[in-house]
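Undergrad: If you scroll down you'll find the structure; I have some questions about it.
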Amino acid sequence: MTEIYEENFKTVSKYVHATSRGHEVIQIAVGMQLLPQDYVFPYYRDDSILLSIGMKPYELMLQVLAKKDDPFSGGRTYYSHPSLKDDDKPKIPHQSSATGMQAIPATGVALGFWYKEAEGFPQNVSDNPIVVCSLGDASVTEGEIAEAFQMAVLKKLPILYLVQDNGWDISANAAETRAQDAFEYAKGFKGLEAISIDGTDFEESYNTIQEVISKIRTERRPFLVHAKVPLLNHHTSGVRMEFYRDDLEEARTRDPYPKLKKLLLDNGFSKKELSEIEKNAKKEVAESLEKAFKAENPKPEDLFTHDFAPTPITEEVGERSPKGGEKVVMVDCALFAIEELMAKHKECLLYGQDVGARLGGVFREAATLAQKFGDNRVFNTPIQEAFIVGSTVGMSAVGLKPIVEVQFADYIWPGLNQLFTEVSRSCYLSNGKWPVSMVLRVPIGAYGSGGPYHSSSLESVVSNIRGIKIAYPSNGADLKGLLKAAYYDPNPVVIFEHKGLYWSKVKGTKGATSLMPAEDYILPFGKAWVLQEIWKKEDEETLSIITYGMGVHWAMNASEELGMQDKIEVVDLRTLHPLDYDTVFKSVKKCGKCLVVTEEPSENGFSRGLQGRIQEECFQQLDAPVMLIGSENMPAIPLNSILEETMIPSTEKVKQKILEILSY
C-alpha cells in the first residue's frame with residue numbers, strides 16, 4: 001500500500017497519508033491477538049493494526065481519498081484516524097491527530113471496565129476485555145500521558161500502552177527531545193510493568209504481546225511495551241523523509257520485511273509461495289485503489305449530519321413545583337437530581353476533585369453521595385482536569401454515563417484540549433458512531449471576593465467549541481431539570497453553575513431558590529423562559545433584556561427597583577447551546593429595544609455575538625441599537641471587594657443601562 005501510494009503520489013496526496021513501514025511487525029503482532037470485546041486506540045501510523053484486525057485495503061483507501069463510504073468518518077478525517085464499531089472486530093472510539101491525546105480516552109475505557117467489574121455488571125464474554133493504547137515514543141513527553149499512566153496504576157487498570165519508538169518526532173530526533181525513552185520513563189510509575197523489545201522481530205513481538213495480554217486479561221493491571229522500530233518512509237505524504245532524515249541507511253538495515261520473509265523460509269515456506277503472496281497483495285491493492293478512485297464523494301449536504309446524536313428529550317415534562325413542596329437552595333436541587341439519577345441508573349457515576357466521601361465537593365454539591373452509592377461510583381481523582389474531562393470519552397464508549405466536575409471554571413483550562421479535540425468532535429468525526437455521553441459540571445462566576453483564580457466567567461471560550469451542549473441556569477428548578485435532560489442526552493453537556501446562586505447568599509438572589517421539582521421533572525435544552533413577560537405597547541418605550549445566570553437576577557432586581565416590571569421583559573436563556581433564538585427574537589421585536597446582560601467581560605464574547613445576531617435579525621423592529629452590559633475588560637477579577645464590585649455588573653449598573661437605552 002505504501003508503494004502504490006508513492007507511485008500515485010500526486011493523486012493520492014490530495015489529502016494526506018502516513019505509513020507504518022518499519023512498524024508493521026509489532027503492529028500485526030498486537031492486532032491479530034485482539035478480540036471483538038477489546039478496545040484499541042491506534043494512532044495515525046497504525047494502518048497495519050487496522051489490517052490485522054480485519055480491515056481491507058479498499059476500506060482504508062476510501063479514507064485516504066476522503067470518500068463518502070469511508071467506514072470511519074464518511075470522508076471527514078485523515079487517513080488511519082479510525083473509529084470502528086463492528087461486531088466482529090475490536091472497538092475503536094474516535095481518534096484525533098493530536099499525538100498522545102488518545103491515552104486519556106483509552107485509559108477512560110479501562111476505568112470503565114474497572115468500574116463495571118467492581119460493581120458486578122454482567123459480562124457475556126469468556127475472556128475479560130482489555131484496552132490497547134498505541135503511542136509513538138515522542139508523544140510520551142506529553143503531560144497528558146503522565147495523567148493517563150497515573151490513573152492506570154492508581155486504579156490497576158487493564159490496559160496495554162504500546163509504544164512504538166522509531167527515534168523521531170517529525171524532524172526532531174530522540175536525542176534532542178527526550179531525556180529517556182518510554183521504557184525508562186515508565187519506571188517512575190509504580191505498578192506500570194514495562195518491557196522493551198525489538199519491534200522488528202516477529203517472534204519476539206508476538207510472544208511478548210501474547211504473554212502481556214494474557215496477564216492483563218487475568219491480573220487486571222497495566223503494562224507498557226516499548227518496541228524499537230525504524231521508520232522506513234515519510235513522516236506523512238506532506239513531510240518527506242529526504243527533507244531531514246540523516247539515518248535512512250541505518251534504518252533500512254532494520255527493515256522487518258526481509259526478516260519476516262527469512263523467518264517464513266526457515267519455517268517451511270517456499271520462495272514460490274512467498275512470491276505468490278506478494279503478487280496477490282499487489283494485485284489486491286492495485287484493484288482497491290482503482291476502485292476507490294471511482295467511489296462516490298460526499299455530497300454538500302453530508303456536511304450537516306452527526307454534529308449531535310438525536311436526543312429523546314424534547315419537551316418539558318414532570319412537576320416543576322409540586323404542591324406542598326419545600327423551597328430549597330440551588331445547590332440542593334443539583335444534589336437531589338444526581339442522587340435520583342444514581343439511584344435509578346447503575347451506569348451513572350460521579351468523579352472529580354474532592355467529591356468523595358470526606359468532603360462531598362468544595363461547595364457540598366456532592367455531599368452524602370459517596371456514602372450512599374459507594375467509593376467506586378463517587379470518587380476523588382488526582383488534580384488532573386485533562387483526565388477528568390477526557391476519560392469520559394472512554395467511559396461513554398463502554399456504556400457508562402459519567403458526571404464529572406472541575407472544581408472551578410478557572411481550572412478548566414487544562415481540560416480544554418480533551419474537551420475540544422476528543423469529546424466535542426467524536427460524534428461528528430466518527431460519522432455518528434461514537435457520541436460522547438457525559439455531563440461536565442463547572443462552578444462559575446464571581447462570588448464573595450474569590451479573586452483572580454476562583455471568579456472567572458468563560459462561557460465564550462466553551463461556546464466556541466462546536467459539538468457540545470451548554471446550560472447556564474439561574475435557579476434551582478432549572479438546574480435540576482437541565483441536569484436530568486443532560487443525563488438522558490447522548491451528547492456531551494457542560495453545565496455552568498454560578499457559585500453565587502448556589503446558596504442565595506448574595507444580596508438579591510433569593511430568586512435562585514425554588515420548590516424542589518419532582519423526580520420526574522425534565523427541562524429540555526433550547527427552551528428559553530420569558531421570566532417577566534409584558535404586553536406589546538404601541539405608545540410606550542419597552543425593553544427586552546436577554547440574559548442568563550446571575551444576569552437574570554440583576555435584570556429582575558433592576559426592573560423592580562425602577563418600578564418598570566410592566567415595561568421590561570426579561571428572557572432567561574437557560575441554555576447557551578442550543579440557544580432559543582425564536583423566543584429571543586420574538587421578545588425583541590415586540591419590545592423594540594434590547595439589552596443583553598452578561599457577567600463576562602463585554603468585548604469579544606458570547607454575548608457580544610448574540611448582540612450582533614439580534615441586531616441583524618430584528619433590525620427593522622428596533623428603535624435603538626442593541627446594547628450590552630458586562631464586566632470591565634480587565635485581565636482578571638481582583639481579590640479586593642471594591643475592585644471586584646467595580647469590575648463586574650450589578651443591579652445598580654443594569655438600572656443605569658436600562659435608563660440609557662429607554663431614553664435613546
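FYI, nothing fancy with the C-alpha cells labels: chains A, B, ... in order, residues from 1 per chain, ligands from 1 as they appear.
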Counting only C-alpha atoms, what is within 8 Å of Ser426 in chain A, bar same-chain residues fewer than 6 positions away, as a ChimeraX atom specification?

TA: /A:93-95,432,434-436

Undergrad: Would you export the selected residues with all heavy atoms as a short mmCIF file (atom, residue, chain, number, x, y, z; two decimals), in the first residue's frame, please?

TA:
```cif
data_model
loop_
_atom_site.label_atom_id
_atom_site.label_comp_id
_atom_site.auth_asym_id
_atom_site.auth_seq_id
_atom_site.Cartn_x
_atom_site.Cartn_y
_atom_site.Cartn_z
N PRO A 93 -13.00 3.76 19.43
CA PRO A 93 -13.60 5.10 19.50
C PRO A 93 -12.82 6.09 18.63
O PRO A 93 -11.70 5.80 18.19
CB PRO A 93 -13.50 5.44 20.99
CG PRO A 93 -13.49 4.11 21.67
CD PRO A 93 -12.68 3.23 20.74
N HIS A 94 -13.41 7.25 18.41
CA HIS A 94 -12.81 8.27 17.54
C HIS A 94 -11.35 8.57 17.92
O HIS A 94 -11.01 8.65 19.10
CB HIS A 94 -13.64 9.56 17.63
CG HIS A 94 -12.90 10.79 17.23
ND1 HIS A 94 -12.47 11.73 18.14
CD2 HIS A 94 -12.49 11.23 16.02
CE1 HIS A 94 -11.83 12.69 17.50
NE2 HIS A 94 -11.84 12.41 16.23
N GLN A 95 -10.51 8.74 16.91
CA GLN A 95 -9.09 9.05 17.10
C GLN A 95 -8.77 10.42 16.51
O GLN A 95 -9.14 10.70 15.38
CB GLN A 95 -8.22 8.01 16.40
CG GLN A 95 -8.50 6.59 16.84
CD GLN A 95 -8.08 6.34 18.26
OE1 GLN A 95 -6.90 6.18 18.55
NE2 GLN A 95 -9.04 6.31 19.16
N GLY A 432 -21.13 9.65 13.51
CA GLY A 432 -22.26 9.30 14.35
C GLY A 432 -22.10 8.04 15.17
O GLY A 432 -22.99 7.70 15.96
N TRP A 434 -19.79 7.26 17.58
CA TRP A 434 -19.30 7.38 18.95
C TRP A 434 -19.61 8.75 19.56
O TRP A 434 -18.70 9.52 19.88
CB TRP A 434 -17.79 7.13 19.02
CG TRP A 434 -17.36 5.74 18.67
CD1 TRP A 434 -16.83 5.32 17.49
CD2 TRP A 434 -17.43 4.58 19.51
NE1 TRP A 434 -16.55 3.98 17.53
CE2 TRP A 434 -16.90 3.49 18.76
CE3 TRP A 434 -17.87 4.36 20.81
CZ2 TRP A 434 -16.81 2.20 19.29
CZ3 TRP A 434 -17.78 3.08 21.33
CH2 TRP A 434 -17.26 2.02 20.58
N PRO A 435 -20.88 9.10 19.76
CA PRO A 435 -21.16 10.30 20.54
C PRO A 435 -20.68 10.10 21.98
O PRO A 435 -20.71 8.98 22.50
CB PRO A 435 -22.69 10.43 20.47
CG PRO A 435 -23.17 9.04 20.23
CD PRO A 435 -22.11 8.36 19.40
N VAL A 436 -20.20 11.15 22.60
CA VAL A 436 -19.71 11.05 23.97
C VAL A 436 -20.82 11.53 24.91
O VAL A 436 -21.15 12.71 24.94
CB VAL A 436 -18.44 11.90 24.17
CG1 VAL A 436 -17.98 11.81 25.62
CG2 VAL A 436 -17.34 11.41 23.24
#
```

Undergrad: Sorted by chain and rising residue number, list the residues of range 422-494 of chain A at most 9 Å from range 337-343 of chain A (counting only C-alpha atoms), each with its closest atom pair and distance in Å to one decimal, as a tab-separated table.

TA:
```
residue	atom	partner	partner_atom	distance
A:Leu479	CA	A:Ala337	CA	8.6
A:Lys480	CA	A:Ala337	CA	5.5
A:Gly481	CA	A:Ala337	CA	8.0
A:Leu483	CA	A:Ala337	CA	6.8
A:Lys484	CA	A:Ala337	CA	6.7
A:Tyr487	CA	A:Leu341	CA	8.1
```

Undergrad: Need to verify the contact set: Leu231 in chain A, 12 Å, only C-alpha atoms, exclusion of same-chain residues closer than 6 positions in sequence. Can you return it as a PyMOL selection string?

TA: chain A and resi 18-24+45+136+164-170+173+199-200+240-241+245+247-256

Undergrad: Those residues you just picked out, can you put them in a file as a short mmCIF file (atom, residue, chain, number, x, y, z; two decimals), in the first residue's frame with N, CA, C and O atoms?

TA:
```
data_model
loop_
_atom_site.label_atom_id
_atom_site.label_comp_id
_atom_site.auth_asym_id
_atom_site.auth_seq_id
_atom_site.Cartn_x
_atom_site.Cartn_y
_atom_site.Cartn_z
N ALA A 18 -0.08 8.61 5.98
CA ALA A 18 1.14 8.20 6.67
C ALA A 18 1.35 6.72 6.37
O ALA A 18 0.59 6.11 5.63
N THR A 19 2.37 6.15 6.93
CA THR A 19 2.68 4.75 6.65
C THR A 19 3.20 4.09 7.91
O THR A 19 3.80 4.74 8.77
N SER A 20 3.01 2.77 8.00
CA SER A 20 3.61 2.02 9.11
C SER A 20 4.81 1.21 8.65
O SER A 20 5.24 0.29 9.34
N ARG A 21 5.39 1.54 7.48
CA ARG A 21 6.59 0.82 7.01
C ARG A 21 7.70 0.89 8.04
O ARG A 21 8.11 1.97 8.45
N GLY A 22 8.14 -0.28 8.48
CA GLY A 22 9.11 -0.38 9.56
C GLY A 22 8.46 -0.74 10.88
O GLY A 22 9.11 -1.30 11.77
N HIS A 23 7.18 -0.38 11.00
CA HIS A 23 6.43 -0.66 12.24
C HIS A 23 5.52 -1.88 12.09
O HIS A 23 4.83 -2.24 13.04
N GLU A 24 5.50 -2.51 10.91
CA GLU A 24 4.43 -3.48 10.61
C GLU A 24 4.42 -4.66 11.58
O GLU A 24 3.34 -5.12 11.99
N ARG A 45 -0.19 6.23 12.48
CA ARG A 45 0.76 5.42 11.72
C ARG A 45 0.41 3.93 11.81
O ARG A 45 1.22 3.07 11.53
N GLY A 136 3.34 6.77 19.82
CA GLY A 136 4.72 6.96 19.40
C GLY A 136 5.54 7.39 20.59
O GLY A 136 5.03 8.07 21.50
N GLN A 164 5.65 2.64 20.17
CA GLN A 164 6.50 2.34 19.02
C GLN A 164 7.54 3.46 18.89
O GLN A 164 7.19 4.61 18.63
N ASP A 165 8.77 3.09 19.09
CA ASP A 165 9.86 4.07 19.16
C ASP A 165 10.71 3.99 17.89
O ASP A 165 11.51 3.07 17.74
N ASN A 166 10.52 4.97 16.99
CA ASN A 166 11.36 5.00 15.79
C ASN A 166 12.44 6.08 15.86
O ASN A 166 13.12 6.35 14.87
N GLY A 167 12.56 6.70 17.02
CA GLY A 167 13.66 7.64 17.23
C GLY A 167 13.40 9.05 16.76
O GLY A 167 14.27 9.91 16.91
N TRP A 168 12.20 9.30 16.22
CA TRP A 168 11.92 10.62 15.66
C TRP A 168 10.58 11.17 16.16
O TRP A 168 9.66 10.42 16.45
N ASP A 169 10.52 12.52 16.23
CA ASP A 169 9.23 13.20 16.35
C ASP A 169 8.77 13.39 14.90
O ASP A 169 8.28 12.49 14.28
N ILE A 170 9.01 14.59 14.36
CA ILE A 170 8.94 14.73 12.90
C ILE A 170 10.38 14.90 12.46
O ILE A 170 11.03 13.94 12.09
N ASN A 173 14.88 14.60 16.59
CA ASN A 173 15.12 13.21 16.97
C ASN A 173 15.12 13.05 18.49
O ASN A 173 15.01 14.02 19.24
N GLY A 199 10.97 -4.44 18.04
CA GLY A 199 9.68 -4.48 17.36
C GLY A 199 9.75 -4.88 15.91
O GLY A 199 8.72 -4.90 15.21
N THR A 200 10.94 -5.24 15.42
CA THR A 200 11.06 -5.75 14.05
C THR A 200 11.17 -7.27 14.04
O THR A 200 11.21 -7.88 12.97
N ARG A 240 8.39 14.96 3.76
CA ARG A 240 9.17 13.92 3.08
C ARG A 240 10.46 13.61 3.84
O ARG A 240 11.12 14.50 4.37
N MET A 241 10.82 12.34 3.85
CA MET A 241 11.97 11.92 4.64
C MET A 241 13.27 12.56 4.15
O MET A 241 14.17 12.85 4.95
N ARG A 245 15.96 13.53 7.06
CA ARG A 245 16.50 12.30 7.64
C ARG A 245 17.98 12.12 7.28
O ARG A 245 18.38 12.24 6.12
N ASP A 247 19.54 9.25 8.74
CA ASP A 247 19.81 7.91 9.26
C ASP A 247 19.14 6.83 8.42
O ASP A 247 18.94 5.70 8.90
N LEU A 248 18.78 7.15 7.19
CA LEU A 248 17.97 6.22 6.40
C LEU A 248 18.72 4.92 6.09
O LEU A 248 18.11 3.83 6.12
N GLU A 249 20.00 5.02 5.81
CA GLU A 249 20.75 3.79 5.50
C GLU A 249 20.75 2.85 6.70
O GLU A 249 20.52 1.64 6.56
N GLU A 250 21.00 3.38 7.88
CA GLU A 250 21.00 2.54 9.09
C GLU A 250 19.60 1.99 9.34
O GLU A 250 19.44 0.80 9.69
N ALA A 251 18.57 2.81 9.18
CA ALA A 251 17.20 2.37 9.43
C ALA A 251 16.82 1.20 8.52
O ALA A 251 16.16 0.24 8.95
N ARG A 252 17.29 1.25 7.27
CA ARG A 252 16.93 0.18 6.33
C ARG A 252 17.56 -1.16 6.69
O ARG A 252 17.07 -2.21 6.30
N THR A 253 18.65 -1.13 7.45
CA THR A 253 19.25 -2.39 7.89
C THR A 253 18.36 -3.11 8.91
O THR A 253 18.57 -4.29 9.19
N ARG A 254 17.39 -2.38 9.48
CA ARG A 254 16.48 -2.98 10.47
C ARG A 254 15.09 -3.22 9.88
O ARG A 254 14.13 -3.44 10.62
N ASP A 255 14.98 -3.18 8.57
CA ASP A 255 13.68 -3.40 7.91
C ASP A 255 13.10 -4.76 8.34
O ASP A 255 13.74 -5.81 8.13
N PRO A 256 11.89 -4.77 8.93
CA PRO A 256 11.33 -6.05 9.39
C PRO A 256 10.85 -6.95 8.25
O PRO A 256 10.67 -8.16 8.46
#
```

Undergrad: So that I can check the surroundings of Lys156 in chain A, please list as a count of residues only every protein, DNA and RNA residue that reaches within 8 Å of it, counting only C-alpha atoms and ignoring chain neighbours fewer than 5 positions away.

TA: 5

Undergrad: Among range 261-406 of chain A, which ones does DSSP place in strand (DSSP E or B), written as JSON, numbers by chain?

TA: {"A": [317, 327, 328, 348, 349, 350, 351, 352, 378, 379, 380, 401, 402, 403, 404, 405]}

Undergrad: Residues near Gly612 in chain A, anyone? I mean within 9 Å using only C-alpha atoms, not counting same-chain ones fewer than 5 positions away, as an NGL selection string.

TA: :A and (607 or 617 or 626)

Undergrad: Create the file for the chosen residues now, containing all heavy atoms and written as a PDB file, in the first residue's frame.

TA:
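Result file selection.pdb:
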```
ATOM      1  N   SER A 607     -21.867  36.944  24.418  1.00  0.00           N
ATOM      2  CA  SER A 607     -22.981  37.900  24.445  1.00  0.00           C
ATOM      3  C   SER A 607     -22.827  38.977  23.382  1.00  0.00           C
ATOM      4  O   SER A 607     -23.822  39.465  22.838  1.00  0.00           O
ATOM      5  CB  SER A 607     -23.092  38.537  25.830  1.00  0.00           C
ATOM      6  OG  SER A 607     -23.499  37.562  26.772  1.00  0.00           O
ATOM      7  N   GLU A 617     -31.087  40.305  12.947  1.00  0.00           N
ATOM      8  CA  GLU A 617     -32.379  39.647  12.734  1.00  0.00           C
ATOM      9  C   GLU A 617     -33.572  40.583  12.989  1.00  0.00           C
ATOM     10  O   GLU A 617     -34.620  40.442  12.372  1.00  0.00           O
ATOM     11  CB  GLU A 617     -32.476  38.423  13.662  1.00  0.00           C
ATOM     12  CG  GLU A 617     -33.613  37.489  13.354  1.00  0.00           C
ATOM     13  CD  GLU A 617     -33.386  36.666  12.094  1.00  0.00           C
ATOM     14  OE1 GLU A 617     -32.206  36.451  11.730  1.00  0.00           O
ATOM     15  OE2 GLU A 617     -34.385  36.251  11.477  1.00  0.00           O
ATOM     16  N   VAL A 626     -29.051  47.642  19.703  1.00  0.00           N
ATOM     17  CA  VAL A 626     -28.992  46.639  20.765  1.00  0.00           C
ATOM     18  C   VAL A 626     -27.777  46.952  21.633  1.00  0.00           C
ATOM     19  O   VAL A 626     -26.667  47.139  21.125  1.00  0.00           O
ATOM     20  CB  VAL A 626     -28.875  45.221  20.182  1.00  0.00           C
ATOM     21  CG1 VAL A 626     -28.769  44.189  21.302  1.00  0.00           C
ATOM     22  CG2 VAL A 626     -30.063  44.913  19.288  1.00  0.00           C
TER      23      VAL A 626
END
```

Undergrad: Out of A:Val398, A:Val439, A:Val584, A:Ile28, which residue has the shortest atom-to-atom distance to Cys618 in chain A when counting only C-alpha atoms?

TA: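 When distances to Cys618 in chain A are compared using only C-alpha atoms, the smallest one comes from A:Val584.
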
Undergrad: Could you check which of A:Ile637, A:Ala370, A:Ser126, A:Val362 is closest to Asp410 in chain A, using only C-alpha atoms?

TA: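 Of all the options, A:Ile637 lies closest to Asp410 in chain A.
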
Undergrad: Using DSSP assignments from the backbone, pull out every residue in range 133-178 of chain A that falls under helix (DSSP H, G or I) and give it to me as a list in words.

TA: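 DSSP on the backbone gives helix (DSSP H, G or I) at Asp137, Ala138, Ser139, Val140, Thr141, Gly143, Glu144, Ile145, Ala146, Glu147, Ala148, Phe149, Gln150, Met151, Ala152, Val153, Leu154, Lys155, Ala174, Ala175, Glu176 and Thr177 of chain A.
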
Undergrad: Might you pull out every residue within 7 Å of Ala292 in chain A, with only C-alpha atoms counted and same-chain residues fewer than 2 positions away left off, and present them as a list in words?

TA: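 Listing them by chain and then by number gives Tyr58, Met61, Leu62, Ser288, Leu289, Glu290, Lys294 and Ala295 of chain A.
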